[in-house]
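Colleague: coords.cif is reproduced below (mmCIF, C-alpha atoms).
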```cif
data_query
loop_
_atom_site.label_atom_id
_atom_site.label_comp_id
_atom_site.auth_asym_id
_atom_site.auth_seq_id
_atom_site.Cartn_x
_atom_site.Cartn_y
_atom_site.Cartn_z
CA MET Z 1 61.63 162.48 124.77
CA ALA Z 2 64.24 163.27 127.37
CA THR Z 3 62.99 160.61 129.77
CA ASN Z 4 63.80 157.90 127.26
CA ILE Z 5 67.48 158.79 127.13
CA LEU Z 6 69.93 156.99 129.38
CA GLU Z 7 72.97 158.91 130.52
CA VAL Z 8 75.99 156.68 131.03
CA ASN Z 9 79.08 158.13 132.67
CA MET Z 10 82.02 155.88 132.05
CA TYR Z 11 85.53 155.84 133.47
CA ARG Z 12 87.86 155.97 130.49
CA TYR Z 13 91.60 155.48 130.40
CA ASN Z 14 93.82 154.44 127.55
CA PRO Z 15 97.48 154.29 128.67
CA GLU Z 16 98.71 154.96 125.12
CA GLU Z 17 96.76 158.21 124.73
CA ASP Z 18 95.68 159.50 128.13
CA LYS Z 19 97.88 160.80 130.88
CA PHE Z 20 95.03 160.62 133.39
CA PRO Z 21 91.71 158.78 133.50
CA TYR Z 22 88.57 160.80 132.81
CA ILE Z 23 84.79 160.36 132.81
CA LYS Z 24 83.11 160.27 129.41
CA GLN Z 25 79.40 160.76 129.03
CA TYR Z 26 77.33 158.68 126.61
CA GLN Z 27 73.68 159.17 125.71
CA ILE Z 28 71.75 156.15 124.63
CA GLU Z 29 68.09 155.47 123.98
CA LYS Z 30 66.51 153.54 126.84
CA PRO Z 31 65.83 149.97 125.66
CA ALA Z 32 62.19 148.88 125.61
CA LYS Z 33 62.79 146.01 128.03
CA ASP Z 34 64.98 145.72 131.10
CA ILE Z 35 68.49 144.67 130.07
CA MET Z 36 71.63 143.82 131.99
CA VAL Z 37 74.46 146.31 132.45
CA LEU Z 38 76.63 144.06 130.25
CA ASP Z 39 74.09 144.35 127.40
CA LEU Z 40 74.18 148.10 127.86
CA LEU Z 41 77.97 147.97 127.49
CA HIS Z 42 77.54 146.02 124.22
CA LEU Z 43 75.19 148.75 122.93
CA LEU Z 44 77.69 151.42 123.93
CA LYS Z 45 80.50 149.55 122.21
CA GLU Z 46 78.52 149.88 118.97
CA GLN Z 47 78.64 153.65 119.51
CA ASP Z 48 82.27 153.78 120.59
CA GLU Z 49 84.33 150.71 119.79
CA SER Z 50 87.28 151.85 121.89
CA ILE Z 51 85.46 150.94 125.12
CA SER Z 52 87.22 148.06 126.92
CA TYR Z 53 85.86 145.63 129.48
CA ARG Z 54 86.24 141.96 130.37
CA ARG Z 55 83.42 139.51 129.87
CA SER Z 56 83.01 135.85 129.12
CA CYS Z 57 80.11 133.66 130.22
CA ARG Z 58 77.49 136.46 130.52
CA GLU Z 59 75.62 134.55 133.24
CA GLY Z 60 77.42 135.27 136.51
CA VAL Z 61 79.57 132.14 136.53
CA CYS Z 62 82.98 133.21 135.25
CA GLY Z 63 83.40 136.38 137.31
CA SER Z 64 85.10 138.36 134.54
CA ASP Z 65 82.90 141.46 134.41
CA GLY Z 66 83.13 142.69 137.99
CA MET Z 67 82.90 146.48 138.01
CA ASN Z 68 81.72 149.41 140.09
CA ILE Z 69 78.16 150.19 139.00
CA ASN Z 70 76.72 153.40 140.47
CA GLY Z 71 79.08 153.10 143.43
CA LYS Z 72 78.49 149.43 144.17
CA ASN Z 73 80.63 146.54 142.93
CA GLY Z 74 78.82 143.83 141.02
CA LEU Z 75 78.82 141.61 137.95
CA ALA Z 76 77.57 143.57 134.92
CA CYS Z 77 76.02 140.45 133.36
CA ILE Z 78 73.59 139.73 136.20
CA THR Z 79 72.81 143.32 137.23
CA PRO Z 80 69.60 144.58 135.56
CA ILE Z 81 69.83 148.28 134.73
CA SER Z 82 66.46 148.84 136.46
CA SER Z 83 68.06 147.87 139.78
CA VAL Z 84 70.83 150.48 139.53
CA LEU Z 85 69.34 153.33 137.48
CA LYS Z 86 69.12 156.63 139.29
CA LYS Z 87 67.28 159.40 137.42
CA ASN Z 88 68.15 157.59 134.16
CA LYS Z 89 71.84 157.77 135.01
CA ILE Z 90 74.45 155.03 135.35
CA GLU Z 91 78.05 155.48 136.34
CA LEU Z 92 80.46 152.70 135.40
CA ARG Z 93 83.90 152.54 136.97
CA PRO Z 94 86.58 149.83 137.24
CA LEU Z 95 86.86 147.82 140.47
CA PRO Z 96 88.30 150.18 143.10
CA GLY Z 97 91.78 149.78 144.56
CA LEU Z 98 93.39 147.76 141.77
CA PRO Z 99 95.59 149.32 139.05
CA VAL Z 100 93.62 150.13 135.90
CA ILE Z 101 95.01 148.62 132.68
CA ARG Z 102 92.45 150.26 130.43
CA ASP Z 103 88.89 151.59 130.92
CA LEU Z 104 87.06 149.00 133.06
CA VAL Z 105 89.87 146.41 132.94
CA VAL Z 106 91.95 146.12 136.11
CA ASP Z 107 95.17 144.31 136.92
CA MET Z 108 94.22 141.45 139.26
CA THR Z 109 97.81 140.40 140.12
CA GLU Z 110 97.61 141.58 143.75
CA PHE Z 111 94.26 139.85 144.20
CA TYR Z 112 95.49 136.51 142.86
CA ALA Z 113 98.72 136.77 144.88
CA GLN Z 114 96.65 136.88 148.09
CA TYR Z 115 94.60 133.90 146.90
CA GLU Z 116 97.79 131.93 146.25
CA LYS Z 117 99.04 132.66 149.79
CA ILE Z 118 96.25 130.71 151.46
CA LYS Z 119 97.22 127.52 149.51
CA PRO Z 120 93.83 126.97 147.87
CA PHE Z 121 94.06 123.21 147.48
CA LEU Z 122 93.41 120.14 149.64
CA GLN Z 123 96.41 119.14 151.72
CA ASN Z 124 96.27 115.56 152.88
CA SER Z 125 99.37 113.39 152.85
CA THR Z 126 97.64 110.11 153.78
CA THR Z 127 97.29 107.55 151.01
CA ALA Z 128 94.23 108.32 148.95
CA PRO Z 129 91.53 105.64 148.93
CA GLU Z 130 90.76 103.92 145.65
CA GLN Z 131 87.73 106.00 144.80
CA GLU Z 132 87.53 109.21 146.83
CA ARG Z 133 87.99 110.66 150.31
CA LEU Z 134 84.61 110.36 152.01
CA GLN Z 135 82.84 112.88 154.19
CA SER Z 136 79.64 112.71 156.23
CA PRO Z 137 76.79 114.81 154.83
CA GLU Z 138 77.03 117.02 157.95
CA ASP Z 139 80.72 117.70 157.32
CA ARG Z 140 80.01 118.40 153.67
CA ASP Z 141 77.33 120.93 154.70
CA LYS Z 142 80.04 123.00 156.40
CA LEU Z 143 81.41 123.91 152.95
CA ASP Z 144 78.14 125.42 151.72
CA GLY Z 145 78.42 129.18 151.32
CA LEU Z 146 82.19 128.84 150.92
CA TYR Z 147 82.95 126.80 147.80
CA GLU Z 148 80.61 128.86 145.55
CA CYS Z 149 83.05 131.79 145.26
CA ILE Z 150 83.95 132.61 141.64
CA LEU Z 151 86.87 134.97 142.47
CA CYS Z 152 85.34 137.97 140.70
CA ALA Z 153 87.11 140.27 143.22
CA CYS Z 154 83.99 142.37 143.87
CA CYS Z 155 84.33 141.84 147.63
CA SER Z 156 88.06 142.41 148.09
CA THR Z 157 88.04 145.55 145.93
CA SER Z 158 85.15 147.01 147.95
CA CYS Z 159 87.00 146.54 151.24
CA PRO Z 160 88.72 149.66 152.68
CA SER Z 161 91.12 147.44 154.64
CA PHE Z 162 92.18 145.79 151.36
CA TRP Z 163 92.66 149.20 149.67
CA TRP Z 164 94.91 150.14 152.56
CA ASN Z 165 97.00 146.94 152.74
CA PRO Z 166 96.49 144.97 149.50
CA ASP Z 167 99.82 143.22 150.05
CA LYS Z 168 99.44 142.30 153.73
CA PHE Z 169 95.71 141.90 154.40
CA LEU Z 170 94.48 138.84 152.50
CA GLY Z 171 91.09 140.34 151.72
CA PRO Z 172 87.60 138.79 151.98
CA ALA Z 173 87.84 136.56 148.86
CA ALA Z 174 91.08 134.84 149.92
CA LEU Z 175 89.91 134.55 153.53
CA LEU Z 176 86.63 132.94 152.50
CA GLN Z 177 88.69 130.32 150.66
CA ALA Z 178 91.07 130.01 153.61
CA TYR Z 179 88.07 129.12 155.77
CA ARG Z 180 86.78 126.76 153.09
CA PHE Z 181 89.89 124.59 153.61
CA LEU Z 182 89.98 125.08 157.40
CA ALA Z 183 86.40 123.83 157.58
CA ASP Z 184 87.07 120.84 155.31
CA THR Z 185 87.45 117.64 157.36
CA ARG Z 186 89.52 116.05 154.57
CA ASP Z 187 92.21 118.72 154.88
CA LEU Z 188 94.82 117.80 157.49
CA LYS Z 189 96.96 120.94 157.54
CA THR Z 190 94.55 122.96 159.71
CA ASN Z 191 97.17 123.91 162.30
CA GLU Z 192 99.71 124.98 159.68
CA ARG Z 193 97.04 127.02 157.89
CA LEU Z 194 96.08 128.78 161.15
CA GLU Z 195 99.76 129.41 161.88
CA ASP Z 196 100.09 131.17 158.51
CA LEU Z 197 97.09 133.38 159.31
CA SER Z 198 98.08 134.36 162.84
CA ASP Z 199 100.07 137.54 162.04
CA PRO Z 200 98.52 140.96 162.81
CA PHE Z 201 97.64 141.72 159.16
CA SER Z 202 96.40 138.63 157.28
CA VAL Z 203 93.07 138.25 159.12
CA TYR Z 204 92.96 140.88 161.83
CA ARG Z 205 92.79 143.90 159.51
CA CYS Z 206 89.12 143.02 158.99
CA HIS Z 207 87.07 145.47 161.03
CA GLY Z 208 83.59 144.28 160.14
CA ILE Z 209 82.80 146.97 157.58
CA MET Z 210 80.56 144.41 155.83
CA ASN Z 211 80.90 145.85 152.33
CA CYS Z 212 82.07 142.42 151.12
CA VAL Z 213 78.74 140.91 152.17
CA SER Z 214 76.84 143.82 150.70
CA VAL Z 215 78.38 143.48 147.22
CA CYS Z 216 78.92 139.70 146.76
CA PRO Z 217 77.05 138.75 143.55
CA LYS Z 218 76.78 135.15 144.74
CA GLY Z 219 75.27 136.16 148.09
CA LEU Z 220 78.15 134.76 150.16
CA ASN Z 221 79.26 136.04 153.55
CA PRO Z 222 83.06 136.47 153.80
CA ASN Z 223 82.64 138.48 157.01
CA LYS Z 224 81.15 135.47 158.80
CA ALA Z 225 83.94 133.22 157.51
CA ILE Z 226 86.53 135.70 158.82
CA GLY Z 227 84.73 135.67 162.19
CA GLU Z 228 84.99 131.88 162.24
CA ILE Z 229 88.72 132.04 161.42
CA LYS Z 230 89.24 134.52 164.28
CA THR Z 231 87.46 132.14 166.66
CA MET Z 232 89.57 129.20 165.42
CA LEU Z 233 92.73 131.25 165.95
CA LEU Z 234 91.64 132.00 169.55
CA LYS Z 235 90.85 128.33 170.23
CA ASP Z 236 94.19 127.37 168.70
CA LYS Z 237 95.94 129.71 171.16
CA LYS Z 238 93.95 128.27 174.04
CA GLU Z 239 95.09 124.75 173.18
CA ILE Z 240 98.70 125.89 173.15
CA ILE Z 241 98.20 127.32 176.67
CA THR Z 242 96.72 124.10 178.04
CA THR Z 243 99.31 121.80 176.53
CA ASP Z 244 102.44 123.84 177.16
CA GLY Z 245 101.36 125.54 180.37
CA ALA Z 246 102.11 128.96 178.89
CA MET Z 247 101.51 130.65 175.58
CA ASN Z 248 104.59 130.26 173.38
CA MET N 1 104.69 145.74 134.03
CA ILE N 2 103.65 149.38 133.84
CA GLN N 3 104.19 150.96 137.24
CA ASN N 4 102.23 154.21 137.07
CA ARG N 5 98.78 152.84 136.37
CA PRO N 6 95.90 154.85 137.80
CA VAL N 7 93.69 153.44 140.55
CA ASN N 8 89.97 154.15 140.83
CA ILE N 9 89.59 155.03 144.49
CA ASN N 10 87.25 158.04 144.53
CA LEU N 11 85.68 157.62 147.96
CA LEU N 12 82.82 159.97 147.09
CA LYS N 13 81.79 157.62 144.28
CA ILE N 14 81.87 154.37 146.24
CA LYS N 15 78.87 153.32 148.29
CA LEU N 16 79.57 151.89 151.73
CA PRO N 17 77.01 150.39 154.16
CA LEU N 18 76.16 152.00 157.50
CA SER N 19 78.35 149.48 159.32
CA ALA N 20 81.31 150.90 157.36
CA PHE N 21 80.52 154.37 158.70
CA LEU N 22 80.48 153.01 162.26
CA SER N 23 83.68 151.00 161.82
CA ILE N 24 85.60 153.90 160.25
CA THR N 25 84.38 156.51 162.77
CA HIS N 26 85.16 154.03 165.57
CA ARG N 27 88.79 154.03 164.45
CA ILE N 28 88.87 157.81 164.03
CA SER N 29 87.43 158.30 167.52
CA GLY N 30 90.10 155.90 168.79
CA ILE N 31 92.84 158.05 167.27
CA LEU N 32 91.21 161.19 168.72
CA ILE N 33 91.06 159.57 172.17
CA PHE N 34 94.79 158.95 172.08
CA PHE N 35 95.86 162.33 170.76
CA LEU N 36 93.10 164.61 172.09
CA VAL N 37 90.90 163.18 174.84
CA LEU N 38 93.65 161.56 176.87
CA PRO N 39 96.09 164.53 177.02
CA PHE N 40 93.33 167.06 177.67
CA SER N 41 91.69 164.88 180.32
CA VAL N 42 95.03 164.51 182.13
CA PHE N 43 95.55 168.27 181.89
CA ILE N 44 92.03 169.07 183.21
CA PHE N 45 92.38 166.49 185.97
CA SER N 46 95.70 167.96 187.08
CA GLU N 47 94.18 171.48 187.03
CA LEU N 48 91.24 170.34 189.13
CA THR N 49 93.33 168.51 191.71
CA LEU N 50 96.28 170.92 192.04
CA ASN N 51 94.77 173.10 194.77
CA GLN N 52 91.54 174.83 195.75
CA ASN N 53 92.47 177.95 193.81
CA SER N 54 93.07 176.25 190.46
CA PHE N 55 89.91 174.18 190.97
CA ASP N 56 87.85 177.38 191.43
CA ASN N 57 89.60 178.99 188.46
CA PHE N 58 88.78 176.10 186.16
CA MET N 59 85.16 175.91 187.31
CA THR N 60 84.60 179.64 186.68
CA MET N 61 86.18 179.30 183.25
CA TYR N 62 83.98 176.27 182.57
CA HIS N 63 80.83 178.19 183.46
CA THR N 64 81.73 181.46 181.73
CA ASN N 65 83.53 180.27 178.60
CA LEU N 66 81.22 178.38 176.22
CA GLY N 67 84.19 177.14 174.17
CA ILE N 68 85.69 175.36 177.15
CA LYS N 69 82.32 173.94 178.18
CA PHE N 70 81.57 172.51 174.74
CA GLY N 71 85.17 171.37 174.36
CA CYS N 72 84.81 169.29 177.52
CA ILE N 73 81.46 167.89 176.38
CA GLY N 74 83.04 167.07 173.01
CA LEU N 75 85.86 165.14 174.67
CA ILE N 76 83.34 163.10 176.66
CA LEU N 77 81.18 162.42 173.58
CA ILE N 78 84.17 161.17 171.55
CA PHE N 79 85.02 158.76 174.34
CA GLN N 80 81.41 157.60 174.67
CA TYR N 81 81.08 157.10 170.91
CA HIS N 82 84.15 154.88 170.91
CA ILE N 83 82.73 152.78 173.76
CA PHE N 84 79.31 152.38 172.09
CA THR N 85 80.65 151.32 168.68
CA GLY N 86 83.35 149.25 170.40
CA ILE N 87 80.77 147.21 172.34
CA ARG N 88 78.97 146.50 169.06
CA HIS N 89 82.23 145.23 167.53
CA ILE N 90 82.93 143.03 170.57
CA LEU N 91 79.43 141.52 170.39
CA MET N 92 80.01 140.74 166.71
CA ASP N 93 83.45 139.25 167.38
CA PHE N 94 81.95 136.88 169.94
CA HIS N 95 79.20 135.89 167.47
CA ILE N 96 76.54 137.24 169.87
CA LEU N 97 75.30 139.50 167.08
CA ASN N 98 74.62 137.64 163.86
CA GLU N 99 77.17 138.49 161.16
CA THR N 100 74.68 139.06 158.36
CA LEU N 101 74.14 142.26 156.44
CA SER N 102 70.66 142.89 157.83
CA SER N 103 71.53 142.27 161.46
CA SER N 104 74.70 144.33 161.17
CA HIS N 105 72.61 147.17 159.74
CA LYS N 106 70.09 146.82 162.56
CA SER N 107 72.78 146.81 165.24
CA ALA N 108 74.39 149.85 163.60
CA VAL N 109 71.11 151.79 163.74
CA ILE N 110 70.50 150.71 167.36
CA THR N 111 74.05 151.77 168.30
CA LEU N 112 73.55 155.20 166.73
CA VAL N 113 70.15 155.70 168.42
CA LEU N 114 71.57 154.65 171.81
CA PHE N 115 74.48 157.01 171.31
CA ALA N 116 72.13 159.88 170.37
CA VAL N 117 70.03 159.31 173.52
CA ASN N 118 73.19 159.09 175.57
CA ALA N 119 74.54 162.29 173.98
CA LEU N 120 71.31 164.12 174.84
CA LEU N 121 71.49 162.96 178.45
CA THR N 122 75.15 163.99 178.62
CA LEU N 123 74.26 167.44 177.30
CA LEU N 124 71.43 167.77 179.84
CA VAL N 125 73.76 166.86 182.71
CA MET N 126 76.70 168.99 181.56
CA LEU N 127 74.92 172.19 180.50
#
```
Show the structure stored in the file as structure tokens.
Modeller:
Amino acid sequence: MATNILEVNMYRYNPEEDKFPYIKQYQIEKPAKDIMVLDLLHLLKEQDESISYRRSCREGVCGSDGMNINGKNGLACITPISSVLKKNKIELRPLPGLPVIRDLVVDMTEFYAQYEKIKPFLQNSTTAPEQERLQSPEDRDKLDGLYECILCACCSTSCPSFWWNPDKFLGPAALLQAYRFLADTRDLKTNERLEDLSDPFSVYRCHGIMNCVSVCPKGLNPNKAIGEIKTMLLKDKKEIITTDGAMN
Amino acid sequence: MIQNRPVNINLLKIKLPLSAFLSITHRISGILIFFLVLPFSVFIFSELTLNQNSFDNFMTMYHTNLGIKFGCIGLILIFQYHIFTGIRHILMDFHILNETLSSSHKSAVITLVLFAVNALLTLLVML
């Protein structure tokens, strides 16, 4: 029966054979129960073993299998096919905006470079106490919704501002982590961090498109974090005015 | 590193939320204001204020030539669209509108409805 056949359109590119990427169509019998997109990829790989994709934990923790599923970025391992199927069709493409190495595998160098820029580690030069640096439960609560990011790059590669300036605009993933350390009371380099973010590109290229929030597989809100950074940058400027009498 | 790797950036194949449409068209309308609305408005204003004769000339053209009439309405609508979507962005920047997906979708719909009502009123006044 035709209704039991899934049509999978996949972005294919093998740099050793293909000059340009192309879309290849696969037909596969619809599985009896609802499976994840990653399981579907495994079934397709039995048909065509040249298909390439990244995967590891298969439970939405490692962030390896981020891809564009029917136009929306997401993790293949935690996306049930029933939630994305349209007329028994699925289109699988690599994450947009990053160079494609092969099929669904992209080069994440640019993404990681932006993450490195925000210095994603605690900076505190005071002598560490014997056990650990303590925080009040209220201060710890400020990090909820920030520390859970798994760096799958779904958000940054869905952001038109990041496509436009992947080298200058930090992107939602890096900015969420930037705010994670700005909000941390144990981190003492807040002013230096804000100084690094104050150029016209790093933060201010965000125009509230909200696609990062729409695609995040962990349900985080980078747009809100960016809003908080913008407010901190404004407050920072205000303090400079009051202490020095004039800005800069 | 291989330099000429392809990039998947087929905009027709990537889904964007309604707020993306508003943000992108807000920028486009901003560009149009600078290169289209502003120069034409200055030109029309100078025509209207030059002397009585050129004022009458322009008004007859406006009432007889549909292209000019709709062109003027178009210029006004572009400007109004930019203001409407701009106010939404300002409200979000000041955290007055909640920065969640659902509230940003709601505010996008409200902005579009308000703009549509406003466009209708503008048409009624100008026609």
Colleague: What would the selection look like, as a JSON list (two decimals) with C-alpha atoms, keeping the file's coordinate frame, if the PyMOL selection byres ((chain Z and resi 180) around 12) were run on the coordinates I just shared?
Modeller:
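Result saved to expr.json:
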```json
[["chain", "number", "residue", "atom", "x", "y", "z"],
["Z", 118, "ILE", "CA", 96.25, 130.71, 151.46],
["Z", 119, "LYS", "CA", 97.22, 127.52, 149.51],
["Z", 120, "PRO", "CA", 93.83, 126.97, 147.87],
["Z", 121, "PHE", "CA", 94.06, 123.21, 147.48],
["Z", 122, "LEU", "CA", 93.41, 120.14, 149.64],
["Z", 139, "ASP", "CA", 80.72, 117.70, 157.32],
["Z", 140, "ARG", "CA", 80.01, 118.40, 153.67],
["Z", 141, "ASP", "CA", 77.33, 120.93, 154.70],
["Z", 142, "LYS", "CA", 80.04, 123.00, 156.40],
["Z", 143, "LEU", "CA", 81.41, 123.91, 152.95],
["Z", 144, "ASP", "CA", 78.14, 125.42, 151.72],
["Z", 145, "GLY", "CA", 78.42, 129.18, 151.32],
["Z", 146, "LEU", "CA", 82.19, 128.84, 150.92],
["Z", 147, "TYR", "CA", 82.95, 126.80, 147.80],
["Z", 148, "GLU", "CA", 80.61, 128.86, 145.55],
["Z", 149, "CYS", "CA", 83.05, 131.79, 145.26],
["Z", 173, "ALA", "CA", 87.84, 136.56, 148.86],
["Z", 174, "ALA", "CA", 91.08, 134.84, 149.92],
["Z", 175, "LEU", "CA", 89.91, 134.55, 153.53],
["Z", 176, "LEU", "CA", 86.63, 132.94, 152.50],
["Z", 177, "GLN", "CA", 88.69, 130.32, 150.66],
["Z", 178, "ALA", "CA", 91.07, 130.01, 153.61],
["Z", 179, "TYR", "CA", 88.07, 129.12, 155.77],
["Z", 181, "PHE", "CA", 89.89, 124.59, 153.61],
["Z", 182, "LEU", "CA", 89.98, 125.08, 157.40],
["Z", 183, "ALA", "CA", 86.40, 123.83, 157.58],
["Z", 184, "ASP", "CA", 87.07, 120.84, 155.31],
["Z", 185, "THR", "CA", 87.45, 117.64, 157.36],
["Z", 186, "ARG", "CA", 89.52, 116.05, 154.57],
["Z", 187, "ASP", "CA", 92.21, 118.72, 154.88],
["Z", 190, "THR", "CA", 94.55, 122.96, 159.71],
["Z", 193, "ARG", "CA", 97.04, 127.02, 157.89],
["Z", 221, "ASN", "CA", 79.26, 136.04, 153.55],
["Z", 222, "PRO", "CA", 83.06, 136.47, 153.80],
["Z", 224, "LYS", "CA", 81.15, 135.47, 158.80],
["Z", 225, "ALA", "CA", 83.94, 133.22, 157.51],
["Z", 226, "ILE", "CA", 86.53, 135.70, 158.82],
["Z", 228, "GLU", "CA", 84.99, 131.88, 162.24],
["Z", 229, "ILE", "CA", 88.72, 132.04, 161.42]]
```
Colleague: Anything within 12 Å of (66.9, 142.9, 130.6): list those residues as a VMD selection string, counting only C-alpha atoms and sticking to the file's coordinates.
Modeller: chain Z and resid 30 to 40 76 to 83
Colleague: For the file shown, report as a list of chain:residue names the outcome of the PyMOL selection byres ((chain Z) within 7 of (chain N)) at residue level.
Modeller: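 Output from the PyMOL selection byres ((chain Z) within 7 of (chain N)), applied to this file: Z:Gly71, Z:Lys72, Z:Pro94, Z:Pro96, Z:Gly97, Z:Leu98, Z:Pro99, Z:Val100, Z:Ile101, Z:His207, Z:Gly208, Z:Ile209, Z:Met210, Z:Asn211, Z:Val213, Z:Ser214, Z:Asn223, Z:Lys224, Z:Gly227.
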Colleague: Could you list, as JSON, numbers by chain, every residue within 12 Å of Phe162 in chain Z, counting all atoms listed in the file and ignoring same-chain residues fewer than 3 positions away?
Modeller: {"Z": [96, 97, 98, 110, 111, 114, 153, 154, 155, 156, 157, 158, 159, 165, 166, 167, 168, 169, 170, 171, 172, 173, 174, 175, 201, 202, 203, 204, 205, 206, 207, 209, 211, 212], "N": [9]}
Colleague: Which residues fall under the PyMOL selection byres ((chain N and resi 68-78) around 9) in this file, as a list in words?
Modeller: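 Here the PyMOL selection byres ((chain N and resi 68-78) around 9) matches Ser29, Gly30, Leu32, Ile33, Leu36, Val37, Leu38, Phe40, Ser41, Met61, Tyr62, His63, Thr64, Asn65, Leu66, Gly67, Phe79, Gln80, Tyr81, His82, Ile83, Phe115, Asn118, Ala119, Thr122, Leu123, Met126 and Leu127 of chain N.
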Colleague: Between Z:Tyr22, Z:Asp65, Z:Cys57, Z:Asn88, which has the minimum distance to Leu6 in chain Z (counting all atoms listed in the file)?
Modeller: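 Comparing Z:Tyr22, Z:Asp65, Z:Cys57, Z:Asn88 against Leu6 in chain Z, the winner is Z:Asn88.
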Colleague: What is the CA of Lys24 in chain Z-CA of Arg12 in chain Z distance in Å, reported with one decimal?
Modeller: 6.5 Å
Colleague: Neighbourhood query: residues within 8 Å of (93.5, 129.9, 162.1), file coordinates, counting all atoms listed in the file; return as number ranges by chain.
Modeller: Z: 182, 190-191, 193-198, 229-234, 236
Colleague: Nearest residue to Gly74 in chain Z out of Z:Leu43, Z:Leu220, Z:Val215, Z:Leu104, using all atoms listed in the file?
Modeller: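 The shortest atom-to-atom distance to Gly74 in chain Z comes from Z:Val215.
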Colleague: List as a PyMOL selection string the protein and nucleic acid residues near Val8 in chain Z, meaning an atom at most 8 Å away when only C-alpha atoms are counted, but skip any in the same chain fewer than 2 places from it.
Modeller: chain Z and resi 6+10+25-28+89-92
Colleague: Between CA of Lys218 in chain Z and CA of Ile96 in chain N, what is the spacing in Å?
Modeller: 25.2 Å
Colleague: Can you tell me how far CA of Val61 in chain Z sits from CA of Thr109 in chain Z, in Å to one decimal?
Modeller: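 A separation of 20.3 Å between them.
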